[in-house]
>>> print(open('final.pdb').read())   # PDB, C-alpha atoms
ATOM      1  CA  ILE A  15       0.000   0.000   0.000
ATOM      2  CA  PRO A  16       1.613   3.330  -1.106
ATOM      3  CA  LYS A  17       0.480   5.089   2.090
ATOM      4  CA  HIS A  18       3.930   6.330   3.110
ATOM      5  CA  GLY A  19       4.596   7.753  -0.353
ATOM      6  CA  LEU A  20       1.369   9.763  -0.194
ATOM      7  CA  ALA A  21       2.203  11.007   3.311
ATOM      8  CA  HIS A  22       5.655  12.225   2.211
ATOM      9  CA  ARG A  23       4.181  14.054  -0.775
ATOM     10  CA  ILE A  24       1.548  15.722   1.435
ATOM     11  CA  ARG A  25       4.298  16.952   3.742
ATOM     12  CA  ASP A  26       6.351  18.079   0.726
ATOM     13  CA  LEU A  27       3.456  20.006  -0.806
ATOM     14  CA  GLU A  28       2.638  21.719   2.499
ATOM     15  CA  SER A  29       6.256  22.807   3.011
ATOM     16  CA  MET A  30       6.768  24.148  -0.527
ATOM     17  CA  THR A  31       6.148  27.849   0.168
ATOM     18  CA  LEU A  32       6.566  28.962  -3.451
ATOM     19  CA  LEU A  33       3.827  26.635  -4.694
ATOM     20  CA  ARG A  34       1.473  25.741  -1.845
ATOM     21  CA  ASP A  35      -0.772  28.828  -2.110
ATOM     22  CA  ILE A  36      -1.431  28.401  -5.838
ATOM     23  CA  PRO A  37      -5.014  27.092  -6.340
ATOM     24  CA  ALA A  38      -4.048  24.260  -8.720
ATOM     25  CA  VAL A  39      -1.450  22.976  -6.229
ATOM     26  CA  GLN A  40      -3.965  23.202  -3.373
ATOM     27  CA  GLU A  41      -6.285  20.981  -5.431
ATOM     28  CA  VAL A  42      -3.494  18.424  -5.803
ATOM     29  CA  LEU A  43      -2.822  18.544  -2.066
ATOM     30  CA  GLU A  44      -6.482  17.811  -1.341
ATOM     31  CA  LEU A  45      -6.379  14.853  -3.762
ATOM     32  CA  TYR A  46      -3.416  13.389  -1.900
ATOM     33  CA  LYS A  47      -5.071  13.914   1.489
ATOM     34  CA  THR A  48      -8.262  12.209   0.291
ATOM     35  CA  SER A  49      -6.310   9.239  -1.086
ATOM     36  CA  PHE A  50      -4.263   8.957   2.107
ATOM     37  CA  MET A  51      -7.406   8.841   4.233
ATOM     38  CA  ASP A  52      -8.887   6.191   1.910
ATOM     39  CA  LEU A  53      -5.836   4.002   2.573
ATOM     40  CA  VAL A  54      -5.849   4.660   6.325
ATOM     41  CA  ASP A  55      -9.368   3.243   6.500
ATOM     42  CA  ILE A  56      -8.294  -0.075   4.921
ATOM     43  CA  PRO A  57      -7.578  -2.978   7.340
ATOM     44  CA  GLN A  58      -3.828  -3.539   7.589
ATOM     45  CA  GLU A  59      -3.812  -7.271   8.342
ATOM     46  CA  GLU A  60      -1.816  -9.323   5.837
ATOM     47  CA  THR A  61      -4.613 -11.913   5.865
ATOM     48  CA  MET A  62      -6.950  -9.430   4.142
ATOM     49  CA  PHE A  63      -5.749 -10.685   0.753
ATOM     50  CA  TRP A  64      -6.953 -14.196   1.570
ATOM     51  CA  ASN A  65     -10.513 -12.908   1.813
ATOM     52  CA  PRO A  66     -11.821 -12.340  -1.769
ATOM     53  CA  SER A  67     -14.471  -9.799  -0.767
ATOM     54  CA  VAL A  68     -12.024  -7.747   1.320
ATOM     55  CA  GLU A  69      -9.415  -7.884  -1.440
ATOM     56  CA  ALA A  70     -12.028  -6.768  -3.981
ATOM     57  CA  ASP A  71     -12.898  -3.793  -1.763
ATOM     58  CA  PHE A  72      -9.204  -2.937  -1.543
ATOM     59  CA  ALA A  73      -8.877  -3.133  -5.329
ATOM     60  CA  ARG A  74     -11.796  -0.723  -5.773
ATOM     61  CA  VAL A  75     -10.159   1.754  -3.393
ATOM     62  CA  VAL A  76      -6.745   1.735  -5.100
ATOM     63  CA  GLU A  77      -8.346   1.848  -8.547
ATOM     64  CA  GLY A  78     -10.251   4.920  -7.385
ATOM     65  CA  ILE A  79      -6.956   6.478  -6.275
ATOM     66  CA  TYR A  80      -5.368   5.627  -9.635
ATOM     67  CA  LEU A  81      -8.196   7.332 -11.541
ATOM     68  CA  ARG A  82      -8.399  10.266  -9.130
ATOM     69  CA  HIS A  83      -4.733  11.079  -9.636
ATOM     70  CA  ALA A  84      -4.832  10.846 -13.438
ATOM     71  CA  SER A  85      -5.140  14.636 -13.707
ATOM     72  CA  VAL A  86      -2.275  15.447 -11.322
ATOM     73  CA  LEU A  87       0.304  16.000 -14.085
ATOM     74  CA  VAL A  88      -1.776  18.733 -15.724
ATOM     75  CA  GLN A  89      -2.870  20.225 -12.396
ATOM     76  CA  MET A  90       0.722  20.579 -11.213
ATOM     77  CA  ALA A  91       1.641  22.006 -14.625
ATOM     78  CA  ARG A  92      -1.039  24.649 -14.100
ATOM     79  CA  GLY A  93       0.512  25.445 -10.741
ATOM     80  CA  VAL A  94       4.021  25.698 -12.184
ATOM     81  CA  PHE A  95       2.715  27.844 -15.059
ATOM     82  CA  GLY A  96       1.216  30.204 -12.496
ATOM     83  CA  LEU A  97       4.455  30.272 -10.486
ATOM     84  CA  ARG A  98       6.476  31.014 -13.628
ATOM     85  CA  ALA A  99       4.272  34.014 -14.407
ATOM     86  CA  LYS A 100       4.455  35.181 -10.773
ATOM     87  CA  LEU A 101       8.265  35.012 -10.692
ATOM     88  CA  GLN A 102       8.551  36.871 -13.975
ATOM     89  CA  GLN A 103       6.467  39.697 -12.534
ATOM     90  CA  GLN A 104       8.296  39.861  -9.207
ATOM     91  CA  HIS A 105      11.927  39.615 -10.362
ATOM     92  CA  HIS A 106      13.803  41.544 -12.980
ATOM     93  CA  SER A 107      17.024  39.616 -12.310
ATOM     94  CA  SER A 108      17.156  36.270 -14.093
ATOM     95  CA  SER A 109      19.764  34.963 -11.603
ATOM     96  CA  ALA A 110      17.407  35.581  -8.659
ATOM     97  CA  ARG A 111      14.596  33.898 -10.527
ATOM     98  CA  PHE A 112      16.639  30.817 -11.373
ATOM     99  CA  GLU A 113      17.881  30.489  -7.785
ATOM    100  CA  GLN A 114      14.259  30.008  -6.719
ATOM    101  CA  MET A 115      13.560  27.793  -9.716
ATOM    102  CA  ASN A 116      16.243  25.333  -8.564
ATOM    103  CA  GLU A 117      14.366  24.801  -5.302
ATOM    104  CA  VAL A 118      11.124  24.203  -7.194
ATOM    105  CA  HIS A 119      12.856  21.919  -9.682
ATOM    106  CA  GLU A 120      14.234  19.668  -6.924
ATOM    107  CA  PHE A 121      10.778  19.466  -5.352
ATOM    108  CA  LEU A 122       9.151  18.570  -8.689
ATOM    109  CA  ASP A 123      11.789  15.897  -9.352
ATOM    110  CA  ARG A 124      10.898  14.252  -6.022
ATOM    111  CA  PHE A 125       7.177  14.702  -6.576
ATOM    112  CA  TYR A 126       7.067  13.201 -10.073
ATOM    113  CA  MET A 127       9.432  10.341  -9.274
ATOM    114  CA  SER A 128       7.153   9.415  -6.382
ATOM    115  CA  ARG A 129       4.092   9.756  -8.618
ATOM    116  CA  ILE A 130       5.597   7.367 -11.160
ATOM    117  CA  GLY A 131       6.335   4.884  -8.363
ATOM    118  CA  ILE A 132       2.813   5.015  -6.938
ATOM    119  CA  ARG A 133       1.214   4.609 -10.359
ATOM    120  CA  VAL A 134       3.521   1.727 -11.276
ATOM    121  CA  LEU A 135       2.717  -0.023  -7.982
ATOM    122  CA  ILE A 136      -1.051   0.405  -8.336
ATOM    123  CA  GLY A 137      -1.009  -0.236 -12.089
ATOM    124  CA  GLN A 138       0.947  -3.457 -11.615
ATOM    125  CA  TYR A 139      -1.435  -4.702  -8.914
ATOM    126  CA  LEU A 140      -4.544  -3.901 -10.954
ATOM    127  CA  ALA A 141      -3.075  -5.463 -14.115
ATOM    128  CA  LEU A 142      -2.225  -8.672 -12.235
ATOM    129  CA  ARG A 143      -5.887  -8.963 -11.201
ATOM    130  CA  GLN A 144      -6.898  -9.162 -14.869
ATOM    131  CA  GLY A 145      -6.593 -12.243 -17.058
ATOM    132  CA  PRO A 146      -3.131 -13.318 -18.265
ATOM    133  CA  VAL A 147      -1.714 -11.614 -21.371
ATOM    134  CA  GLU A 148       1.034 -13.292 -23.387
ATOM    135  CA  HIS A 149       4.543 -11.991 -22.552
ATOM    136  CA  TYR A 150       3.152  -9.686 -19.831
ATOM    137  CA  VAL A 151       3.466  -9.792 -16.057
ATOM    138  CA  GLY A 152       1.185  -6.968 -15.013
ATOM    139  CA  ILE A 153       2.278  -3.874 -16.913
ATOM    140  CA  ILE A 154       5.759  -5.289 -17.620
ATOM    141  CA  CYS A 155       6.325  -6.913 -20.995
ATOM    142  CA  SER A 156       9.055  -9.575 -20.907
ATOM    143  CA  HIS A 157       9.576  -9.175 -24.669
ATOM    144  CA  THR A 158       9.502  -5.398 -25.112
ATOM    145  CA  SER A 159      10.808  -4.572 -28.599
ATOM    146  CA  PRO A 160      12.447  -1.120 -28.798
ATOM    147  CA  TYR A 161      12.071  -1.311 -32.580
ATOM    148  CA  GLU A 162       8.293  -1.787 -32.370
ATOM    149  CA  VAL A 163       7.951   0.954 -29.744
ATOM    150  CA  VAL A 164      10.040   3.339 -31.873
ATOM    151  CA  LYS A 165       7.780   2.638 -34.854
ATOM    152  CA  ARG A 166       4.630   3.409 -32.852
ATOM    153  CA  ALA A 167       6.160   6.577 -31.408
ATOM    154  CA  MET A 168       7.363   7.542 -34.910
ATOM    155  CA  ASP A 169       3.829   7.193 -36.308
ATOM    156  CA  ASP A 170       2.370   9.278 -33.480
ATOM    157  CA  ALA A 171       5.031  11.988 -33.762
ATOM    158  CA  SER A 172       4.699  12.093 -37.566
ATOM    159  CA  PHE A 173       0.948  12.566 -37.241
ATOM    160  CA  MET A 174       1.427  15.439 -34.776
ATOM    161  CA  CYS A 175       4.110  17.041 -36.966
ATOM    162  CA  THR A 176       2.082  16.714 -40.167
ATOM    163  CA  THR A 177      -0.979  18.168 -38.453
ATOM    164  CA  LYS A 178       1.000  21.275 -37.484
ATOM    165  CA  TYR A 179       3.404  21.711 -40.427
ATOM    166  CA  GLY A 180       1.813  19.774 -43.280
ATOM    167  CA  ASP A 181       4.818  17.437 -43.518
ATOM    168  CA  ALA A 182       7.223  15.458 -41.346
ATOM    169  CA  PRO A 183      10.837  14.239 -41.643
ATOM    170  CA  LEU A 184      11.502  10.561 -42.263
ATOM    171  CA  VAL A 185      12.796   8.411 -39.399
ATOM    172  CA  LEU A 186      15.518   5.852 -40.120
ATOM    173  CA  ILE A 187      15.917   3.038 -37.556
ATOM    174  CA  ASN A 188      19.138   1.003 -37.342
ATOM    175  CA  GLY A 189      20.939  -1.313 -34.941
ATOM    176  CA  ARG A 190      19.489  -4.189 -32.940
ATOM    177  CA  LEU A 191      16.048  -4.320 -34.543
ATOM    178  CA  ASP A 192      15.577  -7.876 -33.228
ATOM    179  CA  LEU A 193      16.208  -6.961 -29.588
ATOM    180  CA  THR A 194      13.634  -7.662 -26.873
ATOM    181  CA  PHE A 195      14.022  -7.191 -23.116
ATOM    182  CA  PRO A 196      11.809  -6.791 -20.011
ATOM    183  CA  TYR A 197      10.405  -3.272 -19.714
ATOM    184  CA  VAL A 198       7.200  -1.221 -19.453
ATOM    185  CA  PRO A 199       6.271  -0.394 -23.068
ATOM    186  CA  THR A 200       4.080   2.595 -22.150
ATOM    187  CA  HIS A 201       7.003   4.281 -20.373
ATOM    188  CA  LEU A 202       9.328   3.710 -23.331
ATOM    189  CA  HIS A 203       6.703   5.003 -25.753
ATOM    190  CA  TYR A 204       6.320   8.204 -23.712
ATOM    191  CA  ILE A 205      10.092   8.812 -23.748
ATOM    192  CA  LEU A 206      10.571   8.113 -27.462
ATOM    193  CA  LEU A 207       7.519  10.126 -28.487
ATOM    194  CA  GLU A 208       8.896  13.130 -26.628
ATOM    195  CA  LEU A 209      12.309  12.844 -28.302
ATOM    196  CA  LEU A 210      10.955  12.210 -31.797
ATOM    197  CA  LYS A 211       8.416  15.009 -31.459
ATOM    198  CA  ASN A 212      11.153  17.423 -30.404
ATOM    199  CA  SER A 213      13.429  16.334 -33.250
ATOM    200  CA  MET A 214      10.688  16.675 -35.852
ATOM    201  CA  ARG A 215       9.665  20.096 -34.616
ATOM    202  CA  ALA A 216      13.272  21.310 -34.542
ATOM    203  CA  THR A 217      13.923  19.974 -38.051
ATOM    204  CA  MET A 218      10.829  21.662 -39.486
ATOM    205  CA  ASP A 219      11.540  24.970 -37.747
ATOM    206  CA  TRP A 220      15.231  24.987 -38.700
ATOM    207  CA  HIS A 221      14.829  24.110 -42.369
ATOM    208  CA  GLY A 222      11.477  25.804 -42.958
ATOM    209  CA  VAL A 223       8.130  24.409 -44.073
ATOM    210  CA  ASP A 224       8.919  25.047 -47.757
ATOM    211  CA  HIS A 225      12.068  22.926 -47.750
ATOM    212  CA  ASP A 226      12.156  20.353 -50.567
ATOM    213  CA  GLU A 227      13.658  17.449 -48.602
ATOM    214  CA  TYR A 228      14.201  17.336 -44.860
ATOM    215  CA  PRO A 229      17.202  15.512 -43.372
ATOM    216  CA  PRO A 230      15.980  12.292 -41.722
ATOM    217  CA  ILE A 231      15.920  11.677 -37.999
ATOM    218  CA  LYS A 232      18.133   8.715 -37.177
ATOM    219  CA  VAL A 233      17.405   6.225 -34.408
ATOM    220  CA  VAL A 234      20.019   3.665 -33.382
ATOM    221  CA  ILE A 235      19.243   0.776 -30.996
ATOM    222  CA  ALA A 236      22.396  -0.601 -29.353
ATOM    223  CA  ASP A 237      22.789  -3.659 -27.144
ATOM    224  CA  GLY A 238      25.172  -6.523 -26.501
ATOM    225  CA  GLU A 239      25.561  -9.354 -24.021
ATOM    226  CA  GLU A 240      28.256  -7.415 -22.147
ATOM    227  CA  ASN A 241      26.430  -4.069 -22.251
ATOM    228  CA  GLU A 242      25.259  -2.562 -18.988
ATOM    229  CA  ASP A 243      22.286  -0.852 -20.664
ATOM    230  CA  VAL A 244      20.094  -0.968 -23.701
ATOM    231  CA  VAL A 245      20.835   2.370 -25.396
ATOM    232  CA  ILE A 246      18.709   4.209 -27.940
ATOM    233  CA  LYS A 247      20.094   7.247 -29.743
ATOM    234  CA  VAL A 248      17.843   9.778 -31.488
ATOM    235  CA  SER A 249      19.742  12.182 -33.785
ATOM    236  CA  ASP A 250      18.439  15.129 -35.762
ATOM    237  CA  GLU A 251      19.730  17.983 -37.887
ATOM    238  CA  GLY A 252      17.344  20.518 -36.435
ATOM    239  CA  GLY A 253      19.803  23.309 -35.647
ATOM    240  CA  GLY A 254      20.713  22.241 -32.119
ATOM    241  CA  ILE A 255      20.217  23.992 -28.787
ATOM    242  CA  PRO A 256      22.075  27.197 -27.795
ATOM    243  CA  ARG A 257      24.685  26.449 -25.144
ATOM    244  CA  ARG A 258      23.126  29.025 -22.797
ATOM    245  CA  ASN A 259      19.950  26.895 -22.711
ATOM    246  CA  MET A 260      21.573  23.495 -22.118
ATOM    247  CA  SER A 261      21.533  23.911 -18.331
ATOM    248  CA  LYS A 262      17.835  24.826 -18.458
ATOM    249  CA  ILE A 263      16.381  22.025 -20.610
ATOM    250  CA  TRP A 264      15.762  19.777 -17.567
ATOM    251  CA  SER A 265      13.831  22.475 -15.732
ATOM    252  CA  TYR A 266      10.047  22.206 -15.452
ATOM    253  CA  LEU A 267       9.958  26.013 -15.505
ATOM    254  CA  PHE A 268      11.761  26.470 -18.825
ATOM    255  CA  THR A 269      10.077  26.421 -22.199
ATOM    256  CA  THR A 270      10.512  28.249 -25.507
ATOM    257  CA  ALA A 271       6.886  27.655 -26.519
ATOM    258  CA  ASP A 272       4.491  30.493 -27.251
ATOM    259  CA  PRO A 273       2.447  31.459 -24.131
ATOM    260  CA  ALA A 274      -0.795  30.900 -26.065
ATOM    261  CA  ILE A 275       0.259  27.289 -26.760
ATOM    262  CA  GLN A 276       1.048  26.768 -23.088
ATOM    263  CA  GLU A 277      -2.344  28.065 -21.983
ATOM    264  CA  GLY A 278      -4.086  25.858 -24.562
ATOM    265  CA  MET A 279      -2.259  22.743 -23.348
ATOM    266  CA  LEU A 280      -3.265  23.465 -19.763
ATOM    267  CA  LEU A 281      -6.920  23.223 -20.774
ATOM    268  CA  SER A 282      -6.409  19.654 -22.023
ATOM    269  CA  GLU A 283      -6.720  16.396 -20.101
ATOM    270  CA  ASP A 284      -3.828  14.536 -18.493
ATOM    271  CA  HIS A 285      -1.375  12.891 -20.892
ATOM    272  CA  ASP A 286      -0.396  10.064 -18.569
ATOM    273  CA  GLY A 287       0.400   7.089 -20.801
ATOM    274  CA  GLY A 288      -0.145   9.197 -23.903
ATOM    275  CA  GLY A 289       1.651  12.111 -25.481
ATOM    276  CA  PRO A 290       3.914  14.415 -23.481
ATOM    277  CA  LEU A 291       2.714  17.824 -22.373
ATOM    278  CA  ALA A 292       3.846  19.714 -25.449
ATOM    279  CA  GLY A 293       4.968  23.285 -24.896
ATOM    280  CA  LEU A 294       4.973  23.221 -21.085
ATOM    281  CA  GLY A 295       8.658  22.441 -20.537
ATOM    282  CA  TYR A 296       7.647  19.098 -19.025
ATOM    283  CA  GLY A 297       8.530  16.610 -21.753
ATOM    284  CA  LEU A 298      12.252  16.187 -21.150
ATOM    285  CA  PRO A 299      12.314  16.198 -17.315
ATOM    286  CA  ILE A 300       9.360  13.795 -17.118
ATOM    287  CA  SER A 301      10.980  11.514 -19.718
ATOM    288  CA  ARG A 302      14.212  11.509 -17.718
ATOM    289  CA  ALA A 303      12.238  10.638 -14.575
ATOM    290  CA  TYR A 304      10.741   7.622 -16.390
ATOM    291  CA  CYS A 305      14.252   6.515 -17.408
ATOM    292  CA  ARG A 306      15.698   6.988 -13.932
ATOM    293  CA  TYR A 307      12.831   5.223 -12.181
ATOM    294  CA  PHE A 308      14.112   1.863 -13.473
ATOM    295  CA  GLY A 309      17.802   2.770 -13.097
ATOM    296  CA  GLY A 310      18.413   4.271 -16.539
ATOM    297  CA  ASP A 311      19.003   7.843 -17.671
ATOM    298  CA  LEU A 312      18.484  10.357 -20.457
ATOM    299  CA  SER A 313      21.115  12.773 -21.755
ATOM    300  CA  LEU A 314      21.433  15.243 -24.625
ATOM    301  CA  MET A 315      24.409  16.459 -26.657
ATOM    302  CA  SER A 316      23.831  19.396 -28.963
ATOM    303  CA  MET A 317      25.773  21.214 -31.673
ATOM    304  CA  GLU A 318      24.252  24.632 -32.248
ATOM    305  CA  GLY A 319      23.825  25.279 -35.945
ATOM    306  CA  TYR A 320      23.615  21.571 -36.764
ATOM    307  CA  GLY A 321      21.532  19.299 -34.534
ATOM    308  CA  THR A 322      21.023  17.294 -31.338
ATOM    309  CA  ASP A 323      21.736  13.735 -30.194
ATOM    310  CA  ALA A 324      19.607  12.277 -27.386
ATOM    311  CA  PHE A 325      20.724   9.117 -25.578
ATOM    312  CA  VAL A 326      18.213   6.916 -23.745
ATOM    313  CA  TYR A 327      19.833   4.473 -21.299
ATOM    314  CA  LEU A 328      17.532   1.635 -20.194
ATOM    315  CA  LYS A 329      18.216  -0.954 -17.498
ATOM    316  CA  ARG A 330      16.818  -4.421 -18.007
ATOM    317  CA  LEU A 331      14.157  -4.783 -15.326
ATOM    318  CA  GLY A 332      15.244  -6.905 -12.420
ATOM    319  CA  ASN A 333      18.734  -5.365 -12.279
ATOM    320  CA  SER A 334      17.958  -2.116 -10.465
ATOM    321  CA  LYS A 335      16.390  -0.772  -7.268
ATOM    322  CA  GLU A 336      13.447   1.603  -7.130
ATOM    323  CA  PRO A 337      14.884   5.143  -6.603
ATOM    324  CA  LEU A 338      11.909   6.558  -4.716
ATOM    325  CA  PRO A 339      12.532   9.810  -2.771
ATOM    326  CA  LEU A 340      11.718  10.142   0.901
TER
END
>>> encode(input="final.pdb", output="structure tokens")
Amino acid sequence: IPKHGLAHRIRDLESMTLLRDIPAVQEVLELYKTSFMDLVDIPQEETMFWNPSVEADFARVVEGIYLRHASVLVQMARGVFGLRAKLQQQHHSSSARFEQMNEVHEFLDRFYMSRIGIRVLIGQYLALRQGPVEHYVGIICSHTSPYEVVKRAMDDASFMCTTKYGDAPLVLINGRLDLTFPYVPTHLHYILLELLKNSMRATMDWHGVDHDEYPPIKVVIADGEENEDVVIKVSDEGGGIPRRNMSKIWSYLFTTADPAIQEGMLLSEDHDGGGPLAGLGYGLPISRAYCRYFGGDLSLMSMEGYGTDAFVYLKRLGNSKEPLPL
């Protein structure tokens, strides 16, 4: 039961002075308090799971928590959006603003890592209650194919890019196309969709919508018996990222998107398990949190004036410990 995780996040939210008075964050705090009280009311005896009716009641409670918290990502984004606007009004010095942003960033890293952990725990339990699915143990697929996940993410990103620009760059996939390993496909899809979406947008913006032929985005899947990680590289020729922005790309408070786009995204539903929150500055830090949750990582190397390489490091499940914050 993720009771302790909820309690820590309640304490964290109440102590976060920069965010706690923002209405959207107060709504999130009330959600966590409600869910915590739901869990407190559940009998704690280990024998409860031997009683089918009691276990069914427990399942209904945790499923209710899972659904109740589906909107948390967007609600917290609303809160951060409000904080960003507040800081911009209060401070004329960017250094003072970023000093405060570091405190908020560390809090959000803890908050979202914990959220991923709680949703994985509940999602795994609820999935195990369903009928067996070939190659799956709960939400974990023992034969996750990076190649197949890349193709699905490529199709989704191409659709989004074509909808906005009228065209999309090709994606070339090379390397270990036959590789399978234990992982959560929905997490990997989220990460790859974010990277491919960013690469396509950068390529279209850099070369212009009237360009005759766009340079392809290249995806390489690397693995070997002696390798510590499964590594996926996503490379583009989309002009790269200015060096002054490289230290900011992992911040939830940094985005280059138009304010109108940000406000429009905040009116949408939660994107948990679907597309990243485009334009809110959330895509990269949330994707890195998904990587790090299972012991992996995400890094970027950029050459301004040329393009960007993103490296996704994935641990095979079973070889890492859960990095949940206190």
>>> resolve_selection(input="final.pdb", expression="the PyMOL selection byres ((chain A and resi 47) around 12)", output="ChimeraX atom specification")
/A:17-25,27-28,40-46,48-54,79,82-83
>>> residues_around(input="final.pdb", residues="A:His157", least_positions_apart="3", cutoff="10 Å", atoms="all atoms listed in the file", output="PyMOL selection string")
chain A and resi 148-150+154+160+193-199
>>> resolve_selection(input="final.pdb", expression="the PyMOL selection byres ((chain A and resi 161) around 12)", output="ChimeraX atom specification")
/A:157-160,162-168,185-195,199,202-203,206,233-236,244-246
>>> atom_distance(input="final.pdb", atom1="atom CA of A:Thr177", atom2="atom CA of A:Arg92")
25.2 Å
>>> atom_distance(input="final.pdb", atom1="atom CA of A:Asp311", atom2="atom CA of A:Tyr204")
14.1 Å
>>> resolve_selection(input="final.pdb", expression="the PyMOL selection byres ((chain A and resi 327) around 9)", output="ChimeraX atom specification")
/A:243-247,305-306,309-313,325-326,328-329
>>> atom_distance(input="final.pdb", atom1="atom CA of A:Asp55", atom2="atom CA of A:Pro37")
27.4 Å
